[in-house]
file input15.txt (compact mmCIF, C-alpha atoms)
# COMPACT_ATOMS: atom_id res chain seq x y z
CA MET A 1 76.67 135.33 45.76
CA THR A 2 77.58 135.36 49.48
CA THR A 3 77.87 138.79 51.04
CA VAL A 4 80.64 139.33 53.58
CA THR A 5 79.27 141.41 56.44
CA GLU A 6 81.18 143.70 58.79
CA ARG A 7 80.62 141.13 61.56
CA ASP A 8 82.37 138.45 59.44
CA LEU A 9 85.48 140.66 59.25
CA THR A 10 85.53 141.46 62.97
CA PRO A 11 87.88 139.23 64.98
CA ILE A 12 86.17 137.12 67.62
CA ARG A 13 87.07 138.36 71.10
CA ASP A 14 86.60 137.22 74.66
CA ALA A 15 87.87 138.48 78.03
CA LEU A 16 91.40 137.39 77.10
CA GLY A 17 91.43 139.36 73.83
CA PRO A 18 91.03 138.48 70.15
CA LEU A 19 91.04 134.79 69.26
CA ARG A 20 93.69 133.55 66.85
CA ASP A 21 92.71 132.20 63.47
CA ARG A 22 91.81 128.53 63.89
CA GLU A 23 93.74 127.42 60.80
CA GLN A 24 96.88 129.33 61.79
CA VAL A 25 96.84 127.83 65.29
CA ALA A 26 96.47 124.33 63.83
CA ALA A 27 99.27 124.94 61.33
CA ARG A 28 101.69 125.91 64.11
CA LEU A 29 100.67 122.89 66.16
CA LEU A 30 101.24 120.62 63.16
CA GLU A 31 104.73 122.09 62.72
CA SER A 32 105.46 121.48 66.41
CA SER A 33 104.17 117.91 66.11
CA ALA A 34 106.52 117.27 63.21
CA ARG A 35 109.49 118.46 65.30
CA HIS A 36 108.61 117.08 68.73
CA SER A 37 106.72 113.80 68.56
CA PHE A 38 107.95 110.57 70.12
CA ASP A 39 107.55 106.83 69.71
CA PRO A 40 107.62 105.53 73.31
CA ASP A 41 108.44 101.99 72.16
CA ARG A 42 111.71 103.25 70.69
CA GLU A 43 112.36 106.28 72.86
CA LEU A 44 112.27 104.49 76.22
CA ASP A 45 114.33 101.53 77.43
CA TRP A 46 111.60 99.18 78.55
CA ASP A 47 114.01 96.29 79.07
CA ALA A 48 116.21 98.10 81.60
CA PRO A 49 115.73 96.85 85.18
CA LEU A 50 113.94 99.10 87.64
CA GLU A 51 116.29 101.07 89.90
CA GLU A 52 116.40 100.02 93.52
CA GLY A 53 115.61 102.79 95.98
CA LYS A 54 113.90 105.06 93.44
CA TRP A 55 110.29 106.19 93.53
CA PHE A 56 107.58 105.65 90.95
CA TRP A 57 106.09 109.04 91.86
CA PRO A 58 107.43 112.01 93.85
CA PRO A 59 106.56 111.34 97.50
CA GLU A 60 105.08 114.83 97.97
CA LEU A 61 102.46 113.95 95.33
CA VAL A 62 101.44 110.67 96.97
CA SER A 63 97.95 111.04 98.42
CA LEU A 64 98.85 110.15 102.02
CA TYR A 65 101.99 112.28 102.21
CA ASP A 66 102.36 114.13 105.54
CA THR A 67 99.35 112.43 107.16
CA PRO A 68 99.53 110.59 110.49
CA LEU A 69 99.23 107.31 108.58
CA TRP A 70 102.14 108.28 106.31
CA ARG A 71 104.31 108.96 109.34
CA ARG A 72 103.59 105.47 110.65
CA MET A 73 104.38 103.75 107.34
CA SER A 74 107.80 102.23 106.65
CA GLY A 75 109.94 103.64 103.86
CA GLU A 76 109.31 100.49 101.83
CA GLN A 77 105.54 100.79 102.26
CA ARG A 78 105.61 104.45 101.23
CA MET A 79 107.48 103.58 98.03
CA ASP A 80 105.10 100.72 97.35
CA LEU A 81 102.13 103.08 97.70
CA ALA A 82 103.78 105.49 95.25
CA ARG A 83 104.18 102.62 92.77
CA HIS A 84 100.50 101.70 93.02
CA GLU A 85 99.37 105.33 92.82
CA ALA A 86 101.45 105.81 89.67
CA ALA A 87 99.55 102.86 88.18
CA SER A 88 96.23 104.32 89.35
CA LEU A 89 97.01 107.66 87.70
CA ALA A 90 98.13 105.92 84.50
CA SER A 91 94.86 103.97 84.48
CA LEU A 92 92.91 107.21 84.94
CA GLY A 93 94.93 108.78 82.12
CA ILE A 94 94.06 105.93 79.74
CA TRP A 95 90.37 106.29 80.60
CA PHE A 96 90.45 110.02 79.90
CA GLU A 97 92.40 109.63 76.69
CA ILE A 98 90.00 107.04 75.29
CA ILE A 99 87.12 109.43 76.04
CA LEU A 100 89.06 112.32 74.50
CA MET A 101 89.75 110.42 71.29
CA GLN A 102 86.05 109.74 70.83
CA LEU A 103 85.14 113.37 71.55
CA LEU A 104 87.70 114.59 69.02
CA VAL A 105 86.31 112.28 66.34
CA ARG A 106 82.84 113.68 67.04
CA HIS A 107 84.20 117.24 66.86
CA ILE A 108 85.69 116.84 63.38
CA TYR A 109 82.95 114.64 61.89
CA ASP A 110 81.24 117.50 60.02
CA LYS A 111 84.35 119.60 59.33
CA SER A 112 86.49 119.87 56.23
CA VAL A 113 88.85 116.90 56.07
CA THR A 114 91.48 119.02 54.29
CA SER A 115 91.60 121.75 56.94
CA ASN A 116 94.57 122.18 59.27
CA HIS A 117 92.13 122.06 62.18
CA VAL A 118 91.02 118.52 61.29
CA ARG A 119 94.55 117.41 60.40
CA TYR A 120 95.75 118.47 63.83
CA ALA A 121 92.84 116.73 65.57
CA LEU A 122 93.82 113.51 63.80
CA THR A 123 97.45 114.09 64.83
CA GLU A 124 96.36 114.50 68.43
CA ILE A 125 94.32 111.30 68.27
CA ALA A 126 97.46 109.49 67.10
CA ASP A 127 99.39 111.01 70.02
CA GLU A 128 96.74 109.84 72.47
CA CYS A 129 96.83 106.30 71.07
CA ARG A 130 100.56 106.17 71.76
CA HIS A 131 100.11 107.68 75.23
CA SER A 132 97.49 105.09 76.19
CA MET A 133 99.72 102.23 75.08
CA MET A 134 102.68 103.83 76.89
CA PHE A 135 100.75 104.13 80.15
CA ALA A 136 99.53 100.53 79.89
CA ARG A 137 103.08 99.32 79.35
CA MET A 138 104.25 101.39 82.32
CA ILE A 139 101.64 99.72 84.56
CA GLN A 140 102.83 96.30 83.44
CA LYS A 141 106.46 97.23 84.05
CA GLY A 142 105.64 98.33 87.59
CA GLY A 143 104.09 94.97 88.40
CA THR A 144 100.81 96.35 89.72
CA PRO A 145 97.23 95.79 88.61
CA ALA A 146 95.47 98.38 86.51
CA TYR A 147 93.04 100.53 88.49
CA PRO A 148 89.86 101.26 86.53
CA VAL A 149 87.47 103.98 87.66
CA PRO A 150 84.34 102.79 89.51
CA ARG A 151 81.73 101.17 87.28
CA LEU A 152 79.25 104.00 87.92
CA TYR A 153 81.59 106.63 86.47
CA HIS A 154 82.76 104.32 83.71
CA ASN A 155 79.16 104.08 82.54
CA LEU A 156 78.41 107.77 83.11
CA ALA A 157 81.24 108.49 80.69
CA ARG A 158 79.31 106.58 78.04
CA VAL A 159 76.58 109.20 78.42
CA LEU A 160 79.12 112.03 78.27
CA LYS A 161 80.60 110.72 75.03
CA THR A 162 77.12 110.59 73.51
CA VAL A 163 75.59 113.90 74.60
CA SER A 164 78.53 116.22 75.31
CA THR A 165 78.36 119.57 73.56
CA THR A 166 81.46 120.86 71.79
CA PRO A 167 82.51 123.37 74.49
CA GLY A 168 81.72 120.76 77.15
CA SER A 169 84.03 118.31 75.39
CA PHE A 170 86.96 120.72 75.38
CA ALA A 171 86.36 121.78 78.99
CA ALA A 172 86.45 118.12 80.05
CA THR A 173 89.57 117.63 77.94
CA LEU A 174 91.41 120.37 79.81
CA LEU A 175 90.29 119.00 83.16
CA GLY A 176 91.73 115.60 82.30
CA GLU A 177 94.99 116.99 80.92
CA GLU A 178 96.09 119.98 82.93
CA ILE A 179 96.12 118.64 86.50
CA LEU A 180 98.02 115.49 85.54
CA ASP A 181 100.32 117.64 83.40
CA TRP A 182 101.15 119.82 86.42
CA MET A 183 102.12 116.76 88.43
CA GLN A 184 104.14 115.26 85.60
CA ARG A 185 106.10 118.48 85.23
CA LEU A 186 107.25 117.92 88.81
CA ALA A 187 108.00 114.24 88.21
CA PHE A 188 110.12 114.21 85.06
CA PRO A 189 113.06 116.33 86.34
CA ASP A 190 113.03 114.62 89.78
CA GLU A 191 116.11 112.42 90.08
CA ARG A 192 114.52 110.50 92.97
CA VAL A 193 112.06 109.02 90.45
CA GLN A 194 112.63 105.93 88.30
CA THR A 195 114.27 106.78 84.96
CA LEU A 196 111.49 105.03 83.04
CA ILE A 197 108.78 107.04 84.80
CA ARG A 198 110.66 110.26 84.14
CA GLY A 199 110.87 109.33 80.47
CA VAL A 200 107.14 108.56 80.29
CA THR A 201 106.22 111.86 81.95
CA ARG A 202 108.64 113.86 79.77
CA ILE A 203 107.06 112.52 76.56
CA HIS A 204 103.58 113.17 77.88
CA VAL A 205 104.36 116.72 79.01
CA VAL A 206 105.92 117.72 75.68
CA GLU A 207 103.08 116.36 73.57
CA GLU A 208 100.27 117.38 75.91
CA ALA A 209 101.40 121.02 75.73
CA ARG A 210 100.11 121.05 72.15
CA HIS A 211 96.86 119.34 73.12
CA VAL A 212 96.22 121.91 75.84
CA ARG A 213 96.83 124.78 73.41
CA TYR A 214 94.40 123.28 70.87
CA ALA A 215 91.70 122.68 73.51
CA ARG A 216 92.08 126.12 75.11
CA GLU A 217 91.80 127.96 71.80
CA GLU A 218 88.76 125.94 70.77
CA LEU A 219 87.03 126.30 74.14
CA ARG A 220 87.51 130.06 74.02
CA ARG A 221 85.94 130.13 70.55
CA GLN A 222 83.02 127.93 71.57
CA MET A 223 82.23 129.92 74.72
CA VAL A 224 81.88 133.06 72.57
CA THR A 225 79.97 131.56 69.64
CA ALA A 226 77.81 128.85 71.29
CA PRO A 227 74.17 129.65 72.12
CA ARG A 228 73.42 130.64 75.69
CA TRP A 229 71.85 127.28 76.61
CA GLU A 230 75.02 125.50 75.49
CA GLN A 231 77.24 127.82 77.51
CA GLU A 232 75.13 127.19 80.62
CA LEU A 233 75.18 123.43 80.04
CA THR A 234 78.97 123.59 79.66
CA ARG A 235 79.33 125.37 83.01
CA LEU A 236 77.23 122.71 84.71
CA SER A 237 78.78 119.68 82.99
CA CYS A 238 82.30 121.00 83.59
CA GLY A 239 81.56 121.36 87.30
CA GLU A 240 80.17 117.84 87.48
CA ALA A 241 83.22 116.53 85.58
CA ALA A 242 85.47 118.20 88.17
CA ARG A 243 83.56 116.49 90.97
CA VAL A 244 83.86 113.08 89.28
CA PHE A 245 87.53 113.67 88.51
CA SER A 246 88.35 114.39 92.16
CA VAL A 247 86.48 111.24 93.28
CA CYS A 248 88.25 109.03 90.73
CA PHE A 249 91.71 110.58 90.96
CA ILE A 250 93.21 107.80 93.10
CA ASN A 251 91.51 104.40 93.21
CA PRO A 252 91.06 103.49 96.93
CA GLY A 253 92.10 99.95 96.07
CA VAL A 254 95.72 101.09 96.20
CA TYR A 255 95.59 101.32 99.99
CA GLY A 256 94.47 97.76 100.60
CA ASN A 257 97.03 96.50 98.08
CA VAL A 258 99.89 97.90 100.17
CA GLY A 259 98.54 96.60 103.46
CA LEU A 260 96.71 99.70 104.74
CA ASP A 261 93.21 100.01 106.13
CA ARG A 262 91.28 101.40 103.19
CA ARG A 263 88.69 103.30 105.20
CA GLU A 264 91.29 104.94 107.44
CA ALA A 265 93.46 105.88 104.45
CA VAL A 266 90.58 107.48 102.54
CA ALA A 267 89.54 109.46 105.63
CA GLN A 268 93.06 110.77 106.17
CA VAL A 269 93.43 111.80 102.53
CA LYS A 270 90.15 113.74 102.76
CA ALA A 271 91.36 115.48 105.93
CA SER A 272 94.85 116.26 104.60
CA GLY A 273 95.60 119.95 104.15
CA HIS A 274 98.70 119.05 102.14
CA ARG A 275 96.68 116.94 99.71
CA ARG A 276 94.08 119.66 99.33
CA GLU A 277 96.82 122.17 98.52
CA VAL A 278 98.41 119.81 95.98
CA MET A 279 95.14 119.31 94.13
CA ARG A 280 94.27 123.01 94.12
CA SER A 281 97.76 123.93 92.96
CA GLY A 282 97.47 121.39 90.16
CA ALA A 283 94.15 122.86 89.08
CA GLY A 284 95.10 126.52 89.63
CA ARG A 285 96.23 127.40 86.13
CA LEU A 286 93.15 125.72 84.66
CA THR A 287 90.64 127.29 87.04
CA ASP A 288 92.12 130.74 86.43
CA PHE A 289 91.65 130.22 82.68
CA LEU A 290 88.11 128.85 83.02
CA ASP A 291 87.18 131.75 85.29
CA ASP A 292 88.54 134.27 82.79
CA ILE A 293 86.45 132.88 79.91
CA GLY A 294 83.24 132.59 81.93
CA VAL A 295 83.02 128.85 82.62
CA LEU A 296 83.14 129.03 86.44
CA ARG A 297 79.76 130.57 87.10
CA GLY A 298 76.53 129.64 88.87
CA PRO A 299 75.89 126.04 90.01
CA GLY A 300 78.93 124.86 88.05
CA ARG A 301 81.22 126.93 90.26
CA ARG A 302 79.67 125.39 93.37
CA LEU A 303 80.37 121.92 91.95
CA TRP A 304 84.01 122.93 91.37
CA LYS A 305 84.25 124.01 95.01
CA SER A 306 82.67 120.77 96.22
CA SER A 307 85.30 118.87 94.20
CA GLY A 308 88.08 120.43 96.29
CA LEU A 309 89.85 121.73 93.19
CA LEU A 310 88.72 125.34 93.72
CA ALA A 311 89.00 127.29 96.94
call {"tool": "encode", "arguments": {"input": "input15.txt", "output": "structure tokens"}}
result
Amino acid sequence: MTTVTERDLTPIRDALGPLRDREQVAARLLESSARHSFDPDRELDWDAPLEEGKWFWPPELVSLYDTPLWRRMSGEQRMDLARHEAASLASLGIWFEIILMQLLVRHIYDKSVTSNHVRYALTEIADECRHSMMFARMIQKGGTPAYPVPRLYHNLARVLKTVSTTPGSFAATLLGEEILDWMQRLAFPDERVQTLIRGVTRIHVVEEARHVRYAREELRRQMVTAPRWEQELTRLSCGEAARVFSVCFINPGVYGNVGLDRREAVAQVKASGHRREVMRSGAGRLTDFLDDIGVLRGPGRRLWKSSGLLA
């Protein structure tokens, strides 16, 4: 007979307080999924013509905004760059979501298939499948190429998917979701932006809110219960993921495709105080959370600073 110890009855706590019961969290997320899930193929009017004079991305979020090069660009060239950057971000989103789906499958492989926790993970995987198809269709509608991440990082992700620890997987998940989510929350109510893009970002924001909640709760749990070596590895791998994310955020190919000098554009983005503030603002809520639960420590914190996402 199994003996229930006093430790078993004590709620798990971290710096943010007691953790919620995993099954109760998943049950609430499943209820939310039943009420607020979308089929982009039916929800969005893909056949409607694009609107003349509207942006594909808010101009303040375009990488070159407020740089000397931006001030020399014509209005048409600025809007064209926004269109290509929207495609680059959608391509990055697809890459992250394919990685996330594989990490979630690994996470639930040894868990009870009848639990709410596993049922919600499967629900999230279904959401991410729809998101990836939605982003791909958005790229096609915009008439731009897709912008894959550099081959080096594409292949490094193969290693991540194979060796990532559970807390490392959820830390990487939040990195991929929360910064893009912050930007999309600015895009979907912006009437300067194409109606289709606003619809895409609205769907993604609503459904990603559940994914972020699931990942945050699980990362908190893992950072308390994982062995020390795994916690330290998570801090390091999360910092390296932040560095890679900042490098891959906008594919430099967008600049040449709108008639700009690629080297000059990349240099001006790196020197842009506005761009640095945008990226740090986008990461602010996430870095505060990671700091609170003990992820931003040691060499990992230095990697976060080198990424430009942490002051």
call {"tool": "residues_near_point", "arguments": {"input": "input15.txt", "point": "(73.6, 117.4, 77.2)", "cutoff": "7 Å", "atoms": "only C-alpha atoms", "output": "VMD selection string"}}
result
chain A and resid 163 to 165 233
call {"tool": "residues_around", "arguments": {"input": "input15.txt", "residues": "Ile203 in chain A", "least_positions_apart": "6", "cutoff": "10 Å", "atoms": "all atoms listed in the file", "output": "VMD selection string"}}
result
chain A and resid 36 to 40 43 to 44 131 134 184 188
call {"tool": "axis_aligned_box", "arguments": {"input": "input15.txt", "around": "range 59-71 of chain A", "padding_each_side": "5 Å", "output": "AutoDock Vina command-line options"}}
result
--center_x 102.3 --center_y 111.1 --center_z 102.9 --size_x 18.6 --size_y 17.5 --size_z 25.2
call {"tool": "closest_residue", "arguments": {"input": "input15.txt", "among": "A:Ile293, A:Val105, A:Ile98, A:Leu89", "to": "Thr166 in chain A", "atoms": "all atoms listed in the file"}}
result
A:Val105
call {"tool": "atom_distance", "arguments": {"input": "input15.txt", "atom1": "CA of Trp304 in chain A", "atom2": "CA of Gly239 in chain A"}}
result
5.0 Å
call {"tool": "residues_around", "arguments": {"input": "input15.txt", "residues": "Arg83 in chain A", "least_positions_apart": "2", "cutoff": "12 Å", "atoms": "all atoms listed in the file", "output": "mmCIF file with C-alpha atoms, in the coordinates of the input"}}
result
data_model
loop_
_atom_site.group_PDB
_atom_site.id
_atom_site.type_symbol
_atom_site.label_atom_id
_atom_site.label_comp_id
_atom_site.auth_asym_id
_atom_site.auth_seq_id
_atom_site.Cartn_x
_atom_site.Cartn_y
_atom_site.Cartn_z
ATOM 1 C CA LEU A 50 113.940 99.100 87.640
ATOM 2 C CA GLY A 53 115.610 102.790 95.980
ATOM 3 C CA LYS A 54 113.900 105.060 93.440
ATOM 4 C CA TRP A 55 110.290 106.190 93.530
ATOM 5 C CA PHE A 56 107.580 105.650 90.950
ATOM 6 C CA TRP A 57 106.090 109.040 91.860
ATOM 7 C CA PRO A 58 107.430 112.010 93.850
ATOM 8 C CA PRO A 59 106.560 111.340 97.500
ATOM 9 C CA LEU A 61 102.460 113.950 95.330
ATOM 10 C CA VAL A 62 101.440 110.670 96.970
ATOM 11 C CA SER A 63 97.950 111.040 98.420
ATOM 12 C CA GLU A 76 109.310 100.490 101.830
ATOM 13 C CA GLN A 77 105.540 100.790 102.260
ATOM 14 C CA ARG A 78 105.610 104.450 101.230
ATOM 15 C CA MET A 79 107.480 103.580 98.030
ATOM 16 C CA ASP A 80 105.100 100.720 97.350
ATOM 17 C CA LEU A 81 102.130 103.080 97.700
ATOM 18 C CA GLU A 85 99.370 105.330 92.820
ATOM 19 C CA ALA A 86 101.450 105.810 89.670
ATOM 20 C CA ALA A 87 99.550 102.860 88.180
ATOM 21 C CA SER A 88 96.230 104.320 89.350
ATOM 22 C CA LEU A 89 97.010 107.660 87.700
ATOM 23 C CA ALA A 90 98.130 105.920 84.500
ATOM 24 C CA MET A 138 104.250 101.390 82.320
ATOM 25 C CA ILE A 139 101.640 99.720 84.560
ATOM 26 C CA GLN A 140 102.830 96.300 83.440
ATOM 27 C CA LYS A 141 106.460 97.230 84.050
ATOM 28 C CA GLY A 142 105.640 98.330 87.590
ATOM 29 C CA GLY A 143 104.090 94.970 88.400
ATOM 30 C CA THR A 144 100.810 96.350 89.720
ATOM 31 C CA PRO A 145 97.230 95.790 88.610
ATOM 32 C CA ALA A 146 95.470 98.380 86.510
ATOM 33 C CA VAL A 193 112.060 109.020 90.450
ATOM 34 C CA GLN A 194 112.630 105.930 88.300
ATOM 35 C CA ILE A 197 108.780 107.040 84.800
ATOM 36 C CA VAL A 254 95.720 101.090 96.200
ATOM 37 C CA TYR A 255 95.590 101.320 99.990
ATOM 38 C CA ASN A 257 97.030 96.500 98.080
ATOM 39 C CA VAL A 258 99.890 97.900 100.170
#
call {"tool": "atom_distance", "arguments": {"input": "input15.txt", "atom1": "CA of Arg243 in chain A", "atom2": "CA of Ala215 in chain A"}}
result
20.2 Å
call {"tool": "closest_residue", "arguments": {"input": "input15.txt", "among": "A:Asp110, A:Gln231, A:Ile94, A:Arg262", "to": "Pro148 in chain A", "atoms": "all atoms listed in the file"}}
result
A:Ile94
call {"tool": "closest_residue", "arguments": {"input": "input15.txt", "among": "A:Ala157, A:Leu152, A:Val206, A:Leu180", "to": "Phe249 in chain A", "atoms": "all atoms listed in the file"}}
result
A:Leu180
call {"tool": "closest_residue", "arguments": {"input": "input15.txt", "among": "A:Ser169, A:Thr162, A:Ser237, A:Gln102", "to": "Arg302 in chain A", "atoms": "all atoms listed in the file"}}
result
A:Ser237
call {"tool": "residues_around", "arguments": {"input": "input15.txt", "residues": "Ile179 in chain A", "least_positions_apart": "4", "cutoff": "8 Å", "atoms": "all atoms listed in the file", "output": "JSON, numbers by chain"}}
result
{"A": [175, 183, 279, 282, 283, 286]}
call {"tool": "write_last_selection", "arguments": {"input": "input15.txt", "atoms": "C-alpha atoms", "output": "compact mmCIF listing (two decimals), keeping the file's coordinate frame"}}
result
# COMPACT_ATOMS: atom_id res chain seq x y z
CA LEU A 175 90.29 119.00 83.16
CA MET A 183 102.12 116.76 88.43
CA MET A 279 95.14 119.31 94.13
CA GLY A 282 97.47 121.39 90.16
CA ALA A 283 94.15 122.86 89.08
CA LEU A 286 93.15 125.72 84.66
call {"tool": "closest_residue", "arguments": {"input": "input15.txt", "among": "A:Val25, A:Gly308, A:Val224, A:Lys111", "to": "Ala271 in chain A", "atoms": "only C-alpha atoms"}}
result
A:Gly308
call {"tool": "closest_residue", "arguments": {"input": "input15.txt", "among": "A:Ser272, A:Thr173, A:Thr67, A:Ser306", "to": "Glu218 in chain A", "atoms": "all atoms listed in the file"}}
result
A:Thr173
call {"tool": "residues_around", "arguments": {"input": "input15.txt", "residues": "Ala34 in chain A", "least_positions_apart": "3", "cutoff": "12 Å", "atoms": "all atoms listed in the file", "output": "MDAnalysis selection string"}}
result
chainID A and resid 27:31 37:38 120 123:124 127 207 210
call {"tool": "decode", "arguments": {"input": "input15.txt", "residues": "range 34-45 of chain A", "atoms": "N, CA, C and O atoms", "output": "PDB file, in the first residue's frame"}}
result
ATOM      1  N   ALA A  34     -12.971  25.130 -25.962  1.00  0.00           N
ATOM      2  CA  ALA A  34     -14.282  24.780 -26.522  1.00  0.00           C
ATOM      3  C   ALA A  34     -15.080  26.030 -26.878  1.00  0.00           C
ATOM      4  O   ALA A  34     -15.856  26.039 -27.839  1.00  0.00           O
ATOM      5  N   ARG A  35     -14.873  27.120 -26.126  1.00  0.00           N
ATOM      6  CA  ARG A  35     -15.630  28.357 -26.358  1.00  0.00           C
ATOM      7  C   ARG A  35     -14.975  29.265 -27.398  1.00  0.00           C
ATOM      8  O   ARG A  35     -15.659  29.967 -28.131  1.00  0.00           O
ATOM      9  N   HIS A  36     -13.631  29.259 -27.446  1.00  0.00           N
ATOM     10  CA  HIS A  36     -12.933  30.278 -28.234  1.00  0.00           C
ATOM     11  C   HIS A  36     -11.842  29.657 -29.112  1.00  0.00           C
ATOM     12  O   HIS A  36     -10.666  29.982 -28.991  1.00  0.00           O
ATOM     13  N   SER A  37     -12.239  28.783 -29.998  1.00  0.00           N
ATOM     14  CA  SER A  37     -11.327  28.240 -30.996  1.00  0.00           C
ATOM     15  C   SER A  37     -11.862  28.587 -32.380  1.00  0.00           C
ATOM     16  O   SER A  37     -13.077  28.713 -32.571  1.00  0.00           O
ATOM     17  N   PHE A  38     -10.945  28.742 -33.332  1.00  0.00           N
ATOM     18  CA  PHE A  38     -11.342  29.250 -34.647  1.00  0.00           C
ATOM     19  C   PHE A  38     -10.795  28.374 -35.763  1.00  0.00           C
ATOM     20  O   PHE A  38      -9.710  27.793 -35.642  1.00  0.00           O
ATOM     21  N   ASP A  39     -11.548  28.310 -36.849  1.00  0.00           N
ATOM     22  CA  ASP A  39     -11.089  27.680 -38.078  1.00  0.00           C
ATOM     23  C   ASP A  39     -10.739  28.808 -39.045  1.00  0.00           C
ATOM     24  O   ASP A  39     -11.639  29.431 -39.613  1.00  0.00           O
ATOM     25  N   PRO A  40      -9.451  29.105 -39.241  1.00  0.00           N
ATOM     26  CA  PRO A  40      -9.081  30.252 -40.091  1.00  0.00           C
ATOM     27  C   PRO A  40      -9.614  30.145 -41.517  1.00  0.00           C
ATOM     28  O   PRO A  40      -9.885  31.175 -42.146  1.00  0.00           O
ATOM     29  N   ASP A  41      -9.757  28.938 -42.034  1.00  0.00           N
ATOM     30  CA  ASP A  41     -10.257  28.782 -43.399  1.00  0.00           C
ATOM     31  C   ASP A  41     -11.680  29.310 -43.534  1.00  0.00           C
ATOM     32  O   ASP A  41     -12.070  29.819 -44.590  1.00  0.00           O
ATOM     33  N   ARG A  42     -12.453  29.197 -42.469  1.00  0.00           N
ATOM     34  CA  ARG A  42     -13.836  29.673 -42.499  1.00  0.00           C
ATOM     35  C   ARG A  42     -13.995  31.053 -41.877  1.00  0.00           C
ATOM     36  O   ARG A  42     -14.878  31.820 -42.273  1.00  0.00           O
ATOM     37  N   GLU A  43     -13.160  31.345 -40.914  1.00  0.00           N
ATOM     38  CA  GLU A  43     -13.294  32.592 -40.154  1.00  0.00           C
ATOM     39  C   GLU A  43     -12.854  33.811 -40.958  1.00  0.00           C
ATOM     40  O   GLU A  43     -13.387  34.904 -40.775  1.00  0.00           O
ATOM     41  N   LEU A  44     -11.872  33.638 -41.835  1.00  0.00           N
ATOM     42  CA  LEU A  44     -11.273  34.754 -42.559  1.00  0.00           C
ATOM     43  C   LEU A  44     -11.671  34.721 -44.035  1.00  0.00           C
ATOM     44  O   LEU A  44     -11.805  33.649 -44.625  1.00  0.00           O
ATOM     45  N   ASP A  45     -11.821  35.898 -44.621  1.00  0.00           N
ATOM     46  CA  ASP A  45     -12.191  35.999 -46.028  1.00  0.00           C
ATOM     47  C   ASP A  45     -10.915  36.063 -46.871  1.00  0.00           C
ATOM     48  O   ASP A  45     -10.393  37.130 -47.179  1.00  0.00           O
TER      49      ASP A  45
END
